[in-house]
file run08.cif (mmCIF, N, CA and C atoms)
data_upload
#
loop_
_atom_site.label_atom_id
_atom_site.label_comp_id
_atom_site.auth_asym_id
_atom_site.auth_seq_id
_atom_site.Cartn_x
_atom_site.Cartn_y
_atom_site.Cartn_z
N MET A 1 -7.34 5.27 -7.13
CA MET A 1 -5.98 5.43 -6.66
C MET A 1 -5.05 4.87 -7.73
N ASP A 2 -4.07 5.66 -8.09
CA ASP A 2 -3.21 5.20 -9.17
C ASP A 2 -1.91 4.58 -8.63
N PHE A 3 -1.33 3.72 -9.43
CA PHE A 3 -0.12 3.01 -9.07
C PHE A 3 1.02 3.97 -8.72
N GLU A 4 1.18 5.03 -9.49
CA GLU A 4 2.30 5.96 -9.29
C GLU A 4 2.26 6.59 -7.90
N THR A 5 1.07 6.96 -7.43
CA THR A 5 0.93 7.57 -6.10
C THR A 5 1.36 6.58 -5.02
N ILE A 6 0.87 5.36 -5.12
CA ILE A 6 1.20 4.34 -4.12
C ILE A 6 2.68 3.97 -4.21
N ALA A 7 3.21 3.86 -5.42
CA ALA A 7 4.63 3.55 -5.59
C ALA A 7 5.50 4.63 -4.96
N GLN A 8 5.09 5.88 -5.07
CA GLN A 8 5.84 6.98 -4.47
C GLN A 8 5.87 6.86 -2.94
N ILE A 9 4.73 6.54 -2.35
CA ILE A 9 4.66 6.36 -0.90
C ILE A 9 5.55 5.20 -0.47
N ILE A 10 5.45 4.08 -1.18
CA ILE A 10 6.25 2.90 -0.84
C ILE A 10 7.74 3.19 -1.04
N ALA A 11 8.08 3.87 -2.10
CA ALA A 11 9.49 4.21 -2.36
C ALA A 11 10.05 5.04 -1.23
N GLU A 12 9.29 6.00 -0.74
CA GLU A 12 9.74 6.83 0.38
C GLU A 12 9.92 6.01 1.64
N GLN A 13 8.99 5.09 1.90
CA GLN A 13 9.05 4.27 3.11
C GLN A 13 10.24 3.31 3.11
N PHE A 14 10.61 2.83 1.92
CA PHE A 14 11.66 1.82 1.82
C PHE A 14 12.93 2.33 1.18
N ASP A 15 13.04 3.66 1.06
CA ASP A 15 14.24 4.29 0.51
C ASP A 15 14.61 3.68 -0.84
N ARG A 16 13.63 3.66 -1.74
CA ARG A 16 13.80 3.14 -3.09
C ARG A 16 13.43 4.22 -4.09
N GLU A 17 13.76 3.98 -5.34
CA GLU A 17 13.30 4.84 -6.41
C GLU A 17 11.96 4.31 -6.91
N PRO A 18 10.98 5.18 -7.13
CA PRO A 18 9.67 4.70 -7.59
C PRO A 18 9.73 3.89 -8.88
N ASP A 19 10.67 4.23 -9.77
CA ASP A 19 10.73 3.49 -11.03
C ASP A 19 11.31 2.08 -10.87
N GLU A 20 11.80 1.73 -9.68
CA GLU A 20 12.24 0.36 -9.39
C GLU A 20 11.06 -0.55 -9.09
N LEU A 21 9.91 0.05 -8.78
CA LEU A 21 8.75 -0.71 -8.33
C LEU A 21 7.79 -0.99 -9.48
N THR A 22 7.20 -2.18 -9.42
CA THR A 22 6.17 -2.56 -10.40
C THR A 22 4.95 -3.07 -9.65
N GLU A 23 3.89 -3.33 -10.37
CA GLU A 23 2.70 -3.89 -9.73
C GLU A 23 2.98 -5.28 -9.17
N GLU A 24 3.97 -5.97 -9.72
CA GLU A 24 4.31 -7.32 -9.26
C GLU A 24 5.30 -7.31 -8.09
N THR A 25 5.81 -6.15 -7.70
CA THR A 25 6.76 -6.08 -6.58
C THR A 25 6.08 -6.63 -5.33
N ASP A 26 6.71 -7.65 -4.72
CA ASP A 26 6.21 -8.26 -3.50
C ASP A 26 6.69 -7.41 -2.33
N ILE A 27 5.76 -6.90 -1.57
CA ILE A 27 6.09 -5.97 -0.49
C ILE A 27 6.96 -6.63 0.58
N ILE A 28 6.71 -7.87 0.86
CA ILE A 28 7.48 -8.57 1.90
C ILE A 28 8.80 -9.10 1.34
N ASP A 29 8.72 -9.90 0.28
CA ASP A 29 9.91 -10.56 -0.25
C ASP A 29 10.85 -9.60 -0.97
N ASP A 30 10.32 -8.76 -1.85
CA ASP A 30 11.17 -7.89 -2.65
C ASP A 30 11.67 -6.65 -1.88
N LEU A 31 10.84 -6.16 -0.96
CA LEU A 31 11.22 -4.95 -0.23
C LEU A 31 11.73 -5.24 1.18
N GLY A 32 11.63 -6.49 1.61
CA GLY A 32 12.10 -6.85 2.95
C GLY A 32 11.28 -6.20 4.04
N CYS A 33 9.98 -6.12 3.84
CA CYS A 33 9.08 -5.44 4.76
C CYS A 33 8.91 -6.27 6.04
N SER A 34 9.31 -5.69 7.17
CA SER A 34 9.09 -6.34 8.46
C SER A 34 7.70 -5.96 8.97
N SER A 35 7.28 -6.54 10.08
CA SER A 35 5.96 -6.21 10.61
C SER A 35 5.89 -4.74 11.02
N MET A 36 6.98 -4.20 11.54
CA MET A 36 7.01 -2.78 11.90
C MET A 36 6.96 -1.90 10.66
N ASP A 37 7.69 -2.31 9.61
CA ASP A 37 7.64 -1.58 8.34
C ASP A 37 6.22 -1.57 7.79
N ALA A 38 5.54 -2.70 7.91
CA ALA A 38 4.17 -2.82 7.40
C ALA A 38 3.24 -1.85 8.11
N VAL A 39 3.39 -1.74 9.42
CA VAL A 39 2.55 -0.81 10.19
C VAL A 39 2.80 0.62 9.72
N GLU A 40 4.06 0.99 9.58
CA GLU A 40 4.40 2.35 9.14
C GLU A 40 3.89 2.61 7.72
N LEU A 41 4.00 1.61 6.85
CA LEU A 41 3.52 1.76 5.49
C LEU A 41 2.01 1.94 5.45
N ILE A 42 1.29 1.14 6.21
CA ILE A 42 -0.17 1.23 6.22
C ILE A 42 -0.60 2.59 6.76
N VAL A 43 0.05 3.07 7.80
CA VAL A 43 -0.27 4.40 8.35
C VAL A 43 -0.05 5.47 7.29
N ALA A 44 1.07 5.39 6.58
CA ALA A 44 1.37 6.38 5.54
C ALA A 44 0.33 6.33 4.42
N ILE A 45 -0.06 5.13 4.00
CA ILE A 45 -1.04 5.00 2.92
C ILE A 45 -2.42 5.47 3.38
N GLU A 46 -2.80 5.09 4.60
CA GLU A 46 -4.10 5.53 5.11
C GLU A 46 -4.15 7.05 5.23
N SER A 47 -3.06 7.66 5.66
CA SER A 47 -3.01 9.12 5.77
C SER A 47 -3.12 9.80 4.42
N ALA A 48 -2.47 9.22 3.42
CA ALA A 48 -2.46 9.81 2.08
C ALA A 48 -3.76 9.60 1.33
N THR A 49 -4.46 8.50 1.63
CA THR A 49 -5.64 8.15 0.83
C THR A 49 -6.96 8.29 1.57
N ASP A 50 -6.93 8.42 2.89
CA ASP A 50 -8.15 8.43 3.71
C ASP A 50 -8.94 7.13 3.57
N ILE A 51 -8.25 6.04 3.26
CA ILE A 51 -8.89 4.73 3.17
C ILE A 51 -8.29 3.86 4.27
N ARG A 52 -9.16 3.33 5.15
CA ARG A 52 -8.68 2.46 6.22
C ARG A 52 -8.44 1.06 5.66
N ILE A 53 -7.31 0.48 6.07
CA ILE A 53 -6.97 -0.87 5.63
C ILE A 53 -6.93 -1.75 6.89
N PRO A 54 -7.95 -2.59 7.08
CA PRO A 54 -7.99 -3.43 8.28
C PRO A 54 -6.90 -4.50 8.26
N ASP A 55 -6.55 -4.97 9.45
CA ASP A 55 -5.47 -5.96 9.59
C ASP A 55 -5.68 -7.19 8.72
N GLU A 56 -6.93 -7.68 8.65
CA GLU A 56 -7.18 -8.88 7.85
C GLU A 56 -6.92 -8.63 6.37
N ALA A 57 -7.13 -7.42 5.90
CA ALA A 57 -6.82 -7.10 4.51
C ALA A 57 -5.31 -7.02 4.31
N VAL A 58 -4.62 -6.43 5.27
CA VAL A 58 -3.16 -6.31 5.19
C VAL A 58 -2.53 -7.68 5.04
N ASP A 59 -3.04 -8.65 5.78
CA ASP A 59 -2.49 -10.01 5.74
C ASP A 59 -2.63 -10.66 4.37
N SER A 60 -3.62 -10.24 3.59
CA SER A 60 -3.86 -10.87 2.29
C SER A 60 -3.21 -10.12 1.12
N ILE A 61 -2.66 -8.95 1.37
CA ILE A 61 -2.06 -8.15 0.30
C ILE A 61 -0.56 -8.44 0.25
N ARG A 62 -0.09 -8.90 -0.91
CA ARG A 62 1.33 -9.21 -1.05
C ARG A 62 2.07 -8.26 -1.99
N THR A 63 1.41 -7.88 -3.08
CA THR A 63 2.10 -7.07 -4.09
C THR A 63 1.55 -5.64 -4.12
N ILE A 64 2.31 -4.76 -4.73
CA ILE A 64 1.86 -3.38 -4.86
C ILE A 64 0.57 -3.34 -5.70
N GLY A 65 0.50 -4.16 -6.73
CA GLY A 65 -0.71 -4.22 -7.55
C GLY A 65 -1.94 -4.62 -6.74
N GLU A 66 -1.78 -5.59 -5.85
CA GLU A 66 -2.89 -6.00 -4.99
C GLU A 66 -3.30 -4.87 -4.05
N LEU A 67 -2.32 -4.12 -3.56
CA LEU A 67 -2.60 -2.99 -2.69
C LEU A 67 -3.37 -1.91 -3.44
N VAL A 68 -2.94 -1.58 -4.63
CA VAL A 68 -3.63 -0.58 -5.45
C VAL A 68 -5.06 -1.05 -5.75
N ALA A 69 -5.22 -2.32 -6.09
CA ALA A 69 -6.56 -2.86 -6.37
C ALA A 69 -7.45 -2.76 -5.14
N TYR A 70 -6.91 -3.09 -3.97
CA TYR A 70 -7.68 -2.99 -2.73
C TYR A 70 -8.13 -1.55 -2.50
N LEU A 71 -7.20 -0.61 -2.65
CA LEU A 71 -7.53 0.79 -2.42
C LEU A 71 -8.60 1.28 -3.40
N ASN A 72 -8.48 0.89 -4.66
CA ASN A 72 -9.48 1.28 -5.65
C ASN A 72 -10.85 0.69 -5.33
N GLU A 73 -10.84 -0.55 -4.89
CA GLU A 73 -12.08 -1.25 -4.57
C GLU A 73 -12.79 -0.61 -3.37
N HIS A 74 -12.02 -0.08 -2.42
CA HIS A 74 -12.58 0.44 -1.18
C HIS A 74 -12.62 1.96 -1.11
N ALA A 75 -12.22 2.63 -2.15
CA ALA A 75 -12.18 4.09 -2.15
C ALA A 75 -13.57 4.68 -1.93
N ASP A 76 -14.57 4.18 -2.62
CA ASP A 76 -15.91 4.73 -2.48
C ASP A 76 -16.55 4.40 -1.15
N SER A 77 -16.30 3.18 -0.65
CA SER A 77 -16.93 2.77 0.60
C SER A 77 -16.37 3.52 1.80
N SER A 78 -15.14 4.01 1.73
CA SER A 78 -14.58 4.74 2.87
C SER A 78 -15.34 6.06 3.07
N ASP A 79 -15.83 6.66 2.00
CA ASP A 79 -16.60 7.89 2.12
C ASP A 79 -17.93 7.64 2.81
N GLU A 80 -18.52 6.47 2.59
CA GLU A 80 -19.80 6.14 3.17
C GLU A 80 -19.69 5.83 4.65
N ASP A 81 -18.51 5.38 5.12
CA ASP A 81 -18.32 4.99 6.50
C ASP A 81 -18.26 6.20 7.43
N GLU A 82 -17.94 7.34 6.90
CA GLU A 82 -17.75 8.52 7.75
C GLU A 82 -19.03 9.27 7.95
#
call {"tool": "encode", "arguments": {"input": "run08.cif", "output": "structure tokens"}}
result
Amino acid sequence: MDFETIAQIIAEQFDREPDELTEETDIIDDLGCSSMDAVELIVAIESATDIRIPDEAVDSIRTIGELVAYLNEHADSSDEDE
């Protein structure tokens, strides 16, 4: 999963331009992500990537870079779960 794809999804969810986002962008602090925003964002990302992100993982992900790393790490295992 590449950064640009995830940045595009996040930009759409938070009404931002993708080029404003970096791997260091903090989803909560920099984007003002509320708990409801987080749910909507996770649903959008799961739909786009077919990778499930459990609640405990969501709690530990702060930056876009961490999110991309998580998705890359779990991309192969999601195929095995089905």
call {"tool": "closest_residue", "arguments": {"input": "run08.cif", "among": "A:Leu31, A:Ile6, A:Val43, A:Ile51", "to": "A:Glu66", "atoms": "only C-alpha atoms"}}
result
A:Ile6
call {"tool": "resolve_selection", "arguments": {"input": "run08.cif", "expression": "the PyMOL selection byres (((chain A and resi 22 and name CA) around 10) and name CA)", "output": "PyMOL selection string"}}
result
chain A and resi 3-4+7+18-21+23-26+63-65
call {"tool": "select_by_dssp", "arguments": {"input": "run08.cif", "residues": "chain A", "states": "helix (DSSP H, G or I)", "output": "PyMOL selection string"}}
result
chain A and resi 3-13+18-20+35-49+55-60+64-81
call {"tool": "closest_residue", "arguments": {"input": "run08.cif", "among": "A:Asn72, A:Met36, A:Val58, A:Ile45", "to": "A:Ile9", "atoms": "only N, CA and C atoms"}}
result
A:Ile45
call {"tool": "closest_residue", "arguments": {"input": "run08.cif", "among": "A:Ala38, A:Ala75, A:Ile27, A:Cys33", "to": "A:Arg52", "atoms": "only N, CA and C atoms"}}
result
A:Ala75
call {"tool": "atom_distance", "arguments": {"input": "run08.cif", "atom1": "atom CA of A:Gln13", "atom2": "atom CA of A:Asp55"}}
result
18.9 Å
call {"tool": "atom_distance", "arguments": {"input": "run08.cif", "atom1": "atom N of A:Leu41", "atom2": "atom CA of A:Ile10"}}
result
8.1 Å
call {"tool": "closest_residue", "arguments": {"input": "run08.cif", "among": "A:Val68, A:Ala44, A:Glu56, A:Glu73", "to": "A:Asp2", "atoms": "all atoms listed in the file"}}
result
A:Val68
call {"tool": "atom_distance", "arguments": {"input": "run08.cif", "atom1": "atom C of A:Ala69", "atom2": "atom CA of A:Thr5"}}
result
13.3 Å
call {"tool": "decode", "arguments": {"input": "run08.cif", "residues": "stretch 51-65 of chain A", "atoms": "all heavy atoms", "output": "PDB file, in the first residue's frame"}}
result
ATOM      1  N   ILE A  51      -8.235  -4.599   3.867  1.00  0.00           N
ATOM      2  CA  ILE A  51      -7.446  -4.975   5.041  1.00  0.00           C
ATOM      3  C   ILE A  51      -8.216  -4.520   6.274  1.00  0.00           C
ATOM      4  O   ILE A  51      -8.546  -3.346   6.406  1.00  0.00           O
ATOM      5  CB  ILE A  51      -6.051  -4.322   5.025  1.00  0.00           C
ATOM      6  CG1 ILE A  51      -5.279  -4.752   3.778  1.00  0.00           C
ATOM      7  CG2 ILE A  51      -5.280  -4.672   6.301  1.00  0.00           C
ATOM      8  CD1 ILE A  51      -3.993  -3.980   3.560  1.00  0.00           C
ATOM      9  N   ARG A  52      -8.515  -5.470   7.171  1.00  0.00           N
ATOM     10  CA  ARG A  52      -9.231  -5.127   8.397  1.00  0.00           C
ATOM     11  C   ARG A  52      -8.248  -4.535   9.398  1.00  0.00           C
ATOM     12  O   ARG A  52      -7.152  -5.053   9.586  1.00  0.00           O
ATOM     13  CB  ARG A  52      -9.888  -6.372   8.980  1.00  0.00           C
ATOM     14  CG  ARG A  52     -10.765  -6.024  10.166  1.00  0.00           C
ATOM     15  CD  ARG A  52     -11.455  -7.247  10.716  1.00  0.00           C
ATOM     16  NE  ARG A  52     -12.273  -6.963  11.866  1.00  0.00           N
ATOM     17  CZ  ARG A  52     -11.855  -6.465  13.025  1.00  0.00           C
ATOM     18  NH1 ARG A  52     -10.599  -6.149  13.191  1.00  0.00           N
ATOM     19  NH2 ARG A  52     -12.679  -6.263  14.030  1.00  0.00           N
ATOM     20  N   ILE A  53      -8.681  -3.455  10.047  1.00  0.00           N
ATOM     21  CA  ILE A  53      -7.846  -2.807  11.059  1.00  0.00           C
ATOM     22  C   ILE A  53      -8.588  -2.926  12.395  1.00  0.00           C
ATOM     23  O   ILE A  53      -9.577  -2.232  12.618  1.00  0.00           O
ATOM     24  CB  ILE A  53      -7.597  -1.325  10.717  1.00  0.00           C
ATOM     25  CG1 ILE A  53      -7.019  -1.196   9.312  1.00  0.00           C
ATOM     26  CG2 ILE A  53      -6.672  -0.688  11.757  1.00  0.00           C
ATOM     27  CD1 ILE A  53      -6.939   0.229   8.804  1.00  0.00           C
ATOM     28  N   PRO A  54      -8.129  -3.813  13.277  1.00  0.00           N
ATOM     29  CA  PRO A  54      -8.817  -3.996  14.561  1.00  0.00           C
ATOM     30  C   PRO A  54      -8.676  -2.769  15.462  1.00  0.00           C
ATOM     31  O   PRO A  54      -7.736  -1.985  15.319  1.00  0.00           O
ATOM     32  CB  PRO A  54      -8.136  -5.221  15.169  1.00  0.00           C
ATOM     33  CG  PRO A  54      -6.845  -5.351  14.459  1.00  0.00           C
ATOM     34  CD  PRO A  54      -6.988  -4.694  13.123  1.00  0.00           C
ATOM     35  N   ASP A  55      -9.620  -2.636  16.390  1.00  0.00           N
ATOM     36  CA  ASP A  55      -9.641  -1.478  17.290  1.00  0.00           C
ATOM     37  C   ASP A  55      -8.328  -1.279  18.025  1.00  0.00           C
ATOM     38  O   ASP A  55      -7.863  -0.161  18.189  1.00  0.00           O
ATOM     39  CB  ASP A  55     -10.778  -1.600  18.307  1.00  0.00           C
ATOM     40  CG  ASP A  55     -12.148  -1.487  17.662  1.00  0.00           C
ATOM     41  OD1 ASP A  55     -12.236  -0.967  16.525  1.00  0.00           O
ATOM     42  OD2 ASP A  55     -13.138  -1.909  18.291  1.00  0.00           O
ATOM     43  N   GLU A  56      -7.716  -2.377  18.491  1.00  0.00           N
ATOM     44  CA  GLU A  56      -6.462  -2.236  19.234  1.00  0.00           C
ATOM     45  C   GLU A  56      -5.347  -1.679  18.359  1.00  0.00           C
ATOM     46  O   GLU A  56      -4.482  -0.954  18.844  1.00  0.00           O
ATOM     47  CB  GLU A  56      -6.042  -3.540  19.914  1.00  0.00           C
ATOM     48  CG  GLU A  56      -5.907  -4.733  19.005  1.00  0.00           C
ATOM     49  CD  GLU A  56      -7.200  -5.514  18.759  1.00  0.00           C
ATOM     50  OE1 GLU A  56      -8.278  -5.087  19.203  1.00  0.00           O
ATOM     51  OE2 GLU A  56      -7.117  -6.552  18.102  1.00  0.00           O
ATOM     52  N   ALA A  57      -5.372  -1.971  17.079  1.00  0.00           N
ATOM     53  CA  ALA A  57      -4.374  -1.400  16.166  1.00  0.00           C
ATOM     54  C   ALA A  57      -4.661   0.078  15.934  1.00  0.00           C
ATOM     55  O   ALA A  57      -3.741   0.898  15.898  1.00  0.00           O
ATOM     56  CB  ALA A  57      -4.355  -2.154  14.844  1.00  0.00           C
ATOM     57  N   VAL A  58      -5.930   0.420  15.798  1.00  0.00           N
ATOM     58  CA  VAL A  58      -6.315   1.820  15.582  1.00  0.00           C
ATOM     59  C   VAL A  58      -5.805   2.685  16.727  1.00  0.00           C
ATOM     60  O   VAL A  58      -5.276   3.775  16.505  1.00  0.00           O
ATOM     61  CB  VAL A  58      -7.863   1.958  15.448  1.00  0.00           C
ATOM     62  CG1 VAL A  58      -8.274   3.421  15.438  1.00  0.00           C
ATOM     63  CG2 VAL A  58      -8.350   1.244  14.199  1.00  0.00           C
ATOM     64  N   ASP A  59      -5.911   2.175  17.943  1.00  0.00           N
ATOM     65  CA  ASP A  59      -5.481   2.930  19.119  1.00  0.00           C
ATOM     66  C   ASP A  59      -3.983   3.219  19.121  1.00  0.00           C
ATOM     67  O   ASP A  59      -3.538   4.184  19.733  1.00  0.00           O
ATOM     68  CB  ASP A  59      -5.856   2.181  20.405  1.00  0.00           C
ATOM     69  CG  ASP A  59      -7.359   2.122  20.623  1.00  0.00           C
ATOM     70  OD1 ASP A  59      -8.089   2.937  20.016  1.00  0.00           O
ATOM     71  OD2 ASP A  59      -7.810   1.249  21.387  1.00  0.00           O
ATOM     72  N   SER A  60      -3.195   2.386  18.440  1.00  0.00           N
ATOM     73  CA  SER A  60      -1.745   2.567  18.461  1.00  0.00           C
ATOM     74  C   SER A  60      -1.213   3.336  17.249  1.00  0.00           C
ATOM     75  O   SER A  60      -0.035   3.672  17.209  1.00  0.00           O
ATOM     76  CB  SER A  60      -1.051   1.207  18.549  1.00  0.00           C
ATOM     77  OG  SER A  60      -1.260   0.476  17.356  1.00  0.00           O
ATOM     78  N   ILE A  61      -2.061   3.616  16.279  1.00  0.00           N
ATOM     79  CA  ILE A  61      -1.626   4.320  15.064  1.00  0.00           C
ATOM     80  C   ILE A  61      -1.885   5.810  15.237  1.00  0.00           C
ATOM     81  O   ILE A  61      -3.014   6.224  15.477  1.00  0.00           O
ATOM     82  CB  ILE A  61      -2.379   3.784  13.828  1.00  0.00           C
ATOM     83  CG1 ILE A  61      -2.016   2.317  13.590  1.00  0.00           C
ATOM     84  CG2 ILE A  61      -2.077   4.630  12.598  1.00  0.00           C
ATOM     85  CD1 ILE A  61      -2.873   1.628  12.546  1.00  0.00           C
ATOM     86  N   ARG A  62      -0.822   6.605  15.126  1.00  0.00           N
ATOM     87  CA  ARG A  62      -0.971   8.058  15.281  1.00  0.00           C
ATOM     88  C   ARG A  62      -0.743   8.829  13.980  1.00  0.00           C
ATOM     89  O   ARG A  62      -1.409   9.819  13.727  1.00  0.00           O
ATOM     90  CB  ARG A  62       0.023   8.581  16.333  1.00  0.00           C
ATOM     91  CG  ARG A  62      -0.254   8.153  17.737  1.00  0.00           C
ATOM     92  CD  ARG A  62      -1.434   8.838  18.328  1.00  0.00           C
ATOM     93  NE  ARG A  62      -1.249  10.283  18.370  1.00  0.00           N
ATOM     94  CZ  ARG A  62      -1.873  11.097  19.168  1.00  0.00           C
ATOM     95  NH1 ARG A  62      -2.721  10.634  20.036  1.00  0.00           N
ATOM     96  NH2 ARG A  62      -1.669  12.382  19.117  1.00  0.00           N
ATOM     97  N   THR A  63       0.232   8.392  13.195  1.00  0.00           N
ATOM     98  CA  THR A  63       0.590   9.155  11.997  1.00  0.00           C
ATOM     99  C   THR A  63       0.184   8.408  10.727  1.00  0.00           C
ATOM    100  O   THR A  63      -0.079   7.197  10.756  1.00  0.00           O
ATOM    101  CB  THR A  63       2.107   9.421  11.933  1.00  0.00           C
ATOM    102  OG1 THR A  63       2.782   8.171  11.738  1.00  0.00           O
ATOM    103  CG2 THR A  63       2.610  10.120  13.191  1.00  0.00           C
ATOM    104  N   ILE A  64       0.150   9.140   9.631  1.00  0.00           N
ATOM    105  CA  ILE A  64      -0.170   8.515   8.354  1.00  0.00           C
ATOM    106  C   ILE A  64       0.898   7.469   8.009  1.00  0.00           C
ATOM    107  O   ILE A  64       0.578   6.395   7.507  1.00  0.00           O
ATOM    108  CB  ILE A  64      -0.310   9.572   7.251  1.00  0.00           C
ATOM    109  CG1 ILE A  64      -1.488  10.507   7.576  1.00  0.00           C
ATOM    110  CG2 ILE A  64      -0.508   8.909   5.889  1.00  0.00           C
ATOM    111  CD1 ILE A  64      -1.653  11.684   6.630  1.00  0.00           C
ATOM    112  N   GLY A  65       2.146   7.769   8.302  1.00  0.00           N
ATOM    113  CA  GLY A  65       3.224   6.812   8.051  1.00  0.00           C
ATOM    114  C   GLY A  65       3.031   5.514   8.819  1.00  0.00           C
ATOM    115  O   GLY A  65       3.259   4.424   8.285  1.00  0.00           O
TER     116      GLY A  65
END
